[in-house]
Structure formats: structure tokens, C-alpha cells
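Undergrad: Mind looking over this structure? Questions follow.
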Amino acid sequence: MLFRSLDQRLLPKTETYLRLENAIDVANAISQMVVRGAPAIGITAAYGVALSAINHVSSLNWKSAIDKDIECLSKARPTAINLHWALEEMRKVIANTSKKNLIDTLCAKATKIHNDDIEANLTMGKLGAELILPGSSVLTHCNAGALATGGYGTALGVIRSAWRDGKIKQVYADETRPWMQGSRLTAWELIKDGIPTTLIADGAAAHLMKTKKIDWVIVGSDRIAANGDVANKIGTYSLAVNARYHDVKFMVVAPTSTIDNRTLNGDLIPIEERSSNELLKFNGQLITVDNAEAWNPVFDIVPINLVDVIVTETGCKYFSNRS
């Protein structure tokens, strides 16, 4: 099996595909942000398990070698629950498949996880678009598009479907510091599709809601707790608070694999913190004073009482939280 991954770190200027030959390559690609976006991380990890089988199944200690690779993959990103969901799905295959058929069965399962995600995206796009009225303007944060999923997108899937249906007149995209997923990736995807997109600084969102007619904030998620609390890219909580104050509706779009029923509420979701250099430097150049310190949490938690609707491939869950 040949597995190549688009290096998202180099977009939008350069489209480069990296060849991943084993599970360690896959884990590094996930942790180093070659691959990002919760559904895409899960899909990639599933292929990583298949690669592990290809590399180890002929050895005497193949089971322990694959287990070691799965453990390595599980530590690549702590917040995105889709990673752990996909690895559990692959573990079930290993437990119920003979050594002779293991490679083919794991490859088939990884492909199914990938294809199922695309189908889920298309369904969520249709369901979410039905909630949007013609002439709407929407704001999105980070990148929850084809790059973050198996294809089409979660939040951007809704936006794409609503645009196709003639309902959206304008999309605003937060730049999404410090990795600039909004400016590098979301704007790239939407503009390639011909969807009117205006980039804003993250700190401009509240002023945008105050001065222009914004109908929806539409975001994806990396994990949804059992009570509905939502983990998403840092800055999403601020958007939710500002949206409630300005009477802008808030939509979360995510496949059911993002729901973590074993985590009771958002306070129990692990929040990944990455290197301070991601804030202190830009393109490798220091952008602040020497010896400056930085705090770099990657996600925050939106409490369910700030969410109007969660859209999954199984339907829409509405929350009556507005006074």
C-alpha cells in the first residue's frame, strides 16, 4: 500500500505530498501538523495501523510490534478523539482476523473509515445547510474543510452545501493564530471553490458581529463530551461568547466519531499545549523580544449552553439555551 499525505504546513504556496512508509512516519506526520483536523487524523492513523501490519506481520513478534505502533500513534495528538476512535476500530479488526488475512482486512477497514467519513461529511453538509436562510453571512474558525477530513468538510461542508443551494452570500474566516489555518487553508479551499470569502484577524470577530449582519458561526470540533461540551481550536470559546452576546447563532458540525461518551464534560477533555515557539516565531524568525515567554494551548472548550445546534451525520441536535 502506498500512502501519501499532503503537507498542510506548506499550503497555500506549495502543494507537496509526503510518502509515509510506516506507523512512525504517520505518527510524526500527525504530531508535526503535516496532517491536522480531527477526522483526518483518525483516518490517517487507521492507514498507519495498516502500514504497521504490512511492515511487521511476517515477523515472529508481529502482534507486539503492531501494538507498539498503535501506542505510538495514540500519543500523536491528545485532544482529537477521532484518533483514538479509529485506533480502537483497527484493534477490533486485529482481534478478529487471522494473520493470513490481516493486511487485506486492515487496508479495507482503513479505506472504509475514509469513505464513511466522506459520506458523513456530505450528509452533514446537507443537514446543516437546511438550517441556513437565503442571503446569510457566516463566520468560521480554523479549518474544518476537506483538508481536515476525508473530503468535503464538516463546517466547510455545510458552507459548501449552503453556497451550492444559493443561501450564503458571504463567508468570513478567522486567520486562526498561530498556525494560520484560516488564512492558509480555509481561504484556500473556499476561494478555489469560488465562494466569497473575507479573511479577518481573530480579534476582529466581535466587532464584525456588532457592525455587520452575521447569521451563523459555524465550526468543527476535535472532541464533544457526553454532555455536549465542545473542544475546538483555541479561540472558539471566545467566538461562542461573542456570538451569544450579539445574538448570532452557533453551529458545531462533527461526525459521531467525534463524540466521546466516556468523557462526562468539557472540563475532563485533555487540552494539548504545544511549543511556545509557535507563538514567539513566525517562519522561523523571532517576532518578540528575547527571553519572552508564551502560553500556547491549542484548543478550548465551548460549554453546551453556548451552542445552538450540533450537526452530525445522524441528524441535528438543538439546544434551547437562548432567553
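Identifiers in the C-alpha cells: chain A, B, ... in order shown; residue index from 1 per chain; ligand index from 1 in order shown.
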Taking only C-alpha atoms into account, produce a table as a tab-separated table in which each residue of segment 253-316 of chain A with an atom at most 8 Å from an atom of segment 142-155 of chain A appears once, together with its shortest atom pair and the distance in Å to one decimal, ordered by chain and rising number.
TA:
residue	atom	partner	partner_atom	distance
A:Val253	CA	A:Thr154	CA	5.4
A:Ala254	CA	A:Thr154	CA	5.8
A:Pro255	CA	A:Thr154	CA	7.8
Undergrad: Give me the residues within 12 Å of Arg9 of chain A as a ChimeraX atom specification, counting only C-alpha atoms and dropping any in the same chain fewer than 3 places off.
TA: /A:5-6,12-18,29-36,147,179-181,184-185,283
Undergrad: Give me, please, the distance in Å between atom CA of His141 of chain A and atom CA of Leu239 of chain A, quoted to one decimal.
TA: 8.6 Å
Undergrad: Which residues, written as a PyMOL selection string, have at least one atom at most 12 Å from Arg177 of chain A, with only C-alpha atoms counted and residues fewer than 3 positions away on the same chain left out?
TA: chain A and resi 141-143+173-174+180-184+200-203+233-236+278-282+296-299
Undergrad: For the selection just defined, write its residues with N, CA, C and O atoms to a file, as a tab-separated table (two decimals), in the first residue's frame.
TA:
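Output (again_35.tsv):
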chain	number	residue	atom	x	y	z
A	141	HIS	N	-14.03	29.36	11.90
A	141	HIS	CA	-12.76	29.46	12.62
A	141	HIS	C	-11.93	28.22	12.36
A	141	HIS	O	-12.46	27.12	12.27
A	142	CYS	N	-10.62	28.40	12.23
A	142	CYS	CA	-9.69	27.32	11.92
A	142	CYS	C	-10.02	26.76	10.54
A	142	CYS	O	-10.51	27.48	9.67
A	143	ASN	N	-9.75	25.47	10.32
A	143	ASN	CA	-10.10	24.84	9.05
A	143	ASN	C	-10.81	23.53	9.34
A	143	ASN	O	-10.24	22.63	9.95
A	173	ALA	N	-13.64	34.36	7.48
A	173	ALA	CA	-12.76	33.33	8.03
A	173	ALA	C	-11.77	33.98	8.97
A	173	ALA	O	-11.03	34.91	8.58
A	174	ASP	N	-11.75	33.53	10.22
A	174	ASP	CA	-10.71	33.96	11.15
A	174	ASP	C	-9.35	33.47	10.66
A	174	ASP	O	-9.22	32.34	10.18
A	180	MET	N	-2.33	29.70	11.57
A	180	MET	CA	-2.96	30.40	10.45
A	180	MET	C	-3.77	29.47	9.55
A	180	MET	O	-3.80	29.61	8.33
A	181	GLN	N	-4.47	28.51	10.18
A	181	GLN	CA	-5.27	27.58	9.37
A	181	GLN	C	-6.36	28.29	8.59
A	181	GLN	O	-6.74	27.86	7.49
A	182	GLY	N	-6.89	29.38	9.16
A	182	GLY	CA	-7.93	30.12	8.46
A	182	GLY	C	-7.40	30.81	7.22
A	182	GLY	O	-8.00	30.72	6.13
A	183	SER	N	-6.30	31.50	7.36
A	183	SER	CA	-5.76	32.25	6.22
A	183	SER	C	-5.08	31.34	5.22
A	183	SER	O	-5.17	31.57	4.00
A	184	ARG	N	-4.39	30.29	5.68
A	184	ARG	CA	-3.66	29.43	4.76
A	184	ARG	C	-4.52	28.35	4.12
A	184	ARG	O	-4.34	28.01	2.95
A	200	ILE	N	-10.42	37.73	8.31
A	200	ILE	CA	-10.33	38.73	9.38
A	200	ILE	C	-9.33	38.27	10.42
A	200	ILE	O	-9.07	37.08	10.58
A	201	ALA	N	-8.76	39.23	11.14
A	201	ALA	CA	-7.93	38.91	12.29
A	201	ALA	C	-8.81	38.27	13.37
A	201	ALA	O	-9.99	38.60	13.51
A	202	ASP	N	-8.24	37.35	14.14
A	202	ASP	CA	-9.03	36.68	15.17
A	202	ASP	C	-9.71	37.69	16.10
A	202	ASP	O	-10.86	37.52	16.50
A	203	GLY	N	-8.98	38.77	16.44
A	203	GLY	CA	-9.52	39.75	17.38
A	203	GLY	C	-10.60	40.64	16.80
A	203	GLY	O	-11.20	41.43	17.52
A	233	LYS	N	-10.57	24.38	18.13
A	233	LYS	CA	-9.37	25.21	18.05
A	233	LYS	C	-9.47	26.42	18.98
A	233	LYS	O	-10.52	27.03	19.11
A	234	ILE	N	-8.34	26.74	19.62
A	234	ILE	CA	-8.29	27.87	20.54
A	234	ILE	C	-8.88	29.12	19.86
A	234	ILE	O	-8.58	29.42	18.71
A	235	GLY	N	-9.72	29.82	20.58
A	235	GLY	CA	-10.43	30.97	20.03
A	235	GLY	C	-11.89	30.70	19.77
A	235	GLY	O	-12.69	31.64	19.63
A	236	THR	N	-12.28	29.42	19.76
A	236	THR	CA	-13.68	29.08	19.50
A	236	THR	C	-14.56	29.50	20.67
A	236	THR	O	-15.70	29.96	20.47
A	278	GLU	N	5.80	28.40	18.59
A	278	GLU	CA	4.77	28.64	17.58
A	278	GLU	C	4.18	30.03	17.70
A	278	GLU	O	3.68	30.59	16.72
A	279	LEU	N	4.24	30.62	18.91
A	279	LEU	CA	3.78	31.99	19.12
A	279	LEU	C	4.91	32.99	19.02
A	279	LEU	O	4.73	34.12	18.56
A	280	LEU	N	6.08	32.60	19.49
A	280	LEU	CA	7.21	33.53	19.57
A	280	LEU	C	7.88	33.77	18.23
A	280	LEU	O	8.53	34.80	18.04
A	281	LYS	N	7.70	32.80	17.29
A	281	LYS	CA	8.37	32.91	16.00
A	281	LYS	C	7.36	32.82	14.86
A	281	LYS	O	6.30	32.22	15.00
A	282	PHE	N	7.72	33.41	13.72
A	282	PHE	CA	6.92	33.30	12.51
A	282	PHE	C	7.88	33.02	11.37
A	282	PHE	O	8.83	33.78	11.14
A	296	ASN	N	0.75	28.41	24.99
A	296	ASN	CA	0.21	28.02	23.69
A	296	ASN	C	-0.75	26.83	23.77
A	296	ASN	O	-0.47	25.76	23.24
A	297	PRO	N	-1.92	27.00	24.43
A	297	PRO	CA	-2.94	25.95	24.36
A	297	PRO	C	-3.52	25.91	22.97
A	297	PRO	O	-3.76	26.94	22.34
A	298	VAL	N	-3.77	24.70	22.46
A	298	VAL	CA	-4.20	24.55	21.07
A	298	VAL	C	-5.72	24.54	20.95
A	298	VAL	O	-6.26	24.87	19.90
A	299	PHE	N	-6.42	24.17	22.01
A	299	PHE	CA	-7.87	24.06	21.99
A	299	PHE	C	-8.47	24.78	23.19
A	299	PHE	O	-7.79	25.08	24.17
Undergrad: If you run DSSP on this backbone, which residues of segment 2-205 of chain A come out as strand (DSSP E), and could you give them as a list of chain:residue names?
TA: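 Assigned to strand (DSSP E), within segment 2-205 of chain A: A:Phe3, A:Arg4, A:Ser5, A:Leu6, A:Tyr17, A:Leu18, A:Arg19, A:Leu20, A:Ser136, A:Ser137, A:Val138, A:Leu139, A:Thr140, A:Ile168, A:Lys169, A:Gln170, A:Val171, A:Tyr172, A:Ala173, A:Asp174, A:Thr197, A:Thr198, A:Leu199, A:Ile200.
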Undergrad: Output as a ChimeraX atom specification all residues of segment 21-266 of chain A that backbone DSSP marks as alpha helix (DSSP H).
TA: /A:23-31,38-56,62-74,81-95,102-129,155-164,181,187-192,205-211,236-245
Undergrad: Go ahead and compute the interatomic distance for atom CA of Ala53 of chain A and atom CA of Leu87 of chain A, in Å to one decimal.
TA: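 Value for the atom CA of Ala53 of chain A-atom CA of Leu87 of chain A distance: 13.2 Å.
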Undergrad: Smallest atom-to-atom distance to Asp104 of chain A: which of A:Leu73, A:Asp116, A:Tyr47, A:Asn227, using only C-alpha atoms?
TA: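 Looking only at the distances to Asp104 of chain A, the closest residue turns out to be A:Tyr47.
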Undergrad: Might you pull out every residue within 9 Å of Asn232 of chain A, with only C-alpha atoms counted and same-chain residues fewer than 4 positions away left off, and present them as a ChimeraX atom specification?
TA: /A:142,219-224,236-237,298-302
Undergrad: Please list as an NGL selection string every residue within 9 Å of Ala240 of chain A, counting only C-alpha atoms and excluding residues in the same chain fewer than 2 positions away.
TA: :A and (217 or 235-238 or 242-245 or 248-250 or 302-303 or 306-307)
Undergrad: Write the residues of the selection above to a file with N, CA and C atoms, as a PDB file, in the first residue's frame.
TA:
ATOM      1  N   VAL A 217     -22.196  31.445  13.306  1.00  0.00           N
ATOM      2  CA  VAL A 217     -20.828  30.959  13.440  1.00  0.00           C
ATOM      3  C   VAL A 217     -20.901  29.451  13.231  1.00  0.00           C
ATOM      4  N   GLY A 235      -9.720  29.822  20.579  1.00  0.00           N
ATOM      5  CA  GLY A 235     -10.429  30.970  20.030  1.00  0.00           C
ATOM      6  C   GLY A 235     -11.891  30.698  19.767  1.00  0.00           C
ATOM      7  N   THR A 236     -12.275  29.420  19.756  1.00  0.00           N
ATOM      8  CA  THR A 236     -13.682  29.078  19.502  1.00  0.00           C
ATOM      9  C   THR A 236     -14.565  29.496  20.670  1.00  0.00           C
ATOM     10  N   TYR A 237     -14.059  29.337  21.885  1.00  0.00           N
ATOM     11  CA  TYR A 237     -14.834  29.745  23.074  1.00  0.00           C
ATOM     12  C   TYR A 237     -15.139  31.242  23.022  1.00  0.00           C
ATOM     13  N   SER A 238     -14.148  32.044  22.648  1.00  0.00           N
ATOM     14  CA  SER A 238     -14.384  33.485  22.520  1.00  0.00           C
ATOM     15  C   SER A 238     -15.463  33.777  21.489  1.00  0.00           C
ATOM     16  N   ASN A 242     -19.014  35.700  22.255  1.00  0.00           N
ATOM     17  CA  ASN A 242     -19.373  36.881  21.474  1.00  0.00           C
ATOM     18  C   ASN A 242     -20.628  36.654  20.638  1.00  0.00           C
ATOM     19  N   ALA A 243     -20.784  35.451  20.116  1.00  0.00           N
ATOM     20  CA  ALA A 243     -21.982  35.156  19.328  1.00  0.00           C
ATOM     21  C   ALA A 243     -23.234  35.247  20.188  1.00  0.00           C
ATOM     22  N   ARG A 244     -23.168  34.715  21.397  1.00  0.00           N
ATOM     23  CA  ARG A 244     -24.346  34.787  22.268  1.00  0.00           C
ATOM     24  C   ARG A 244     -24.697  36.230  22.606  1.00  0.00           C
ATOM     25  N   TYR A 245     -23.691  37.054  22.900  1.00  0.00           N
ATOM     26  CA  TYR A 245     -23.923  38.456  23.237  1.00  0.00           C
ATOM     27  C   TYR A 245     -24.546  39.212  22.068  1.00  0.00           C
ATOM     28  N   VAL A 248     -25.966  35.949  17.584  1.00  0.00           N
ATOM     29  CA  VAL A 248     -25.565  35.198  16.393  1.00  0.00           C
ATOM     30  C   VAL A 248     -25.640  33.712  16.733  1.00  0.00           C
ATOM     31  N   LYS A 249     -26.262  32.934  15.878  1.00  0.00           N
ATOM     32  CA  LYS A 249     -26.430  31.504  16.158  1.00  0.00           C
ATOM     33  C   LYS A 249     -25.096  30.769  15.986  1.00  0.00           C
ATOM     34  N   PHE A 250     -24.940  29.689  16.764  1.00  0.00           N
ATOM     35  CA  PHE A 250     -23.663  28.963  16.837  1.00  0.00           C
ATOM     36  C   PHE A 250     -23.898  27.495  16.494  1.00  0.00           C
ATOM     37  N   VAL A 302     -16.054  24.981  24.492  1.00  0.00           N
ATOM     38  CA  VAL A 302     -17.308  25.733  24.414  1.00  0.00           C
ATOM     39  C   VAL A 302     -18.360  24.978  25.216  1.00  0.00           C
ATOM     40  N   PRO A 303     -18.869  25.549  26.312  1.00  0.00           N
ATOM     41  CA  PRO A 303     -19.917  24.861  27.066  1.00  0.00           C
ATOM     42  C   PRO A 303     -21.187  24.738  26.243  1.00  0.00           C
ATOM     43  N   LEU A 306     -23.760  27.444  25.198  1.00  0.00           N
ATOM     44  CA  LEU A 306     -23.482  28.461  24.194  1.00  0.00           C
ATOM     45  C   LEU A 306     -23.652  27.930  22.771  1.00  0.00           C
ATOM     46  N   VAL A 307     -24.093  26.698  22.648  1.00  0.00           N
ATOM     47  CA  VAL A 307     -24.266  26.056  21.340  1.00  0.00           C
ATOM     48  C   VAL A 307     -25.746  25.995  20.984  1.00  0.00           C
TER      49      VAL A 307
END
Undergrad: Of the candidates A:Asn96, A:Thr258, A:Gln285, A:Thr312, which shows the shortest atom-to-atom distance to Val158 of chain A, using only C-alpha atoms?
TA: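 For Val158 of chain A, the nearest of the given residues is A:Thr312.
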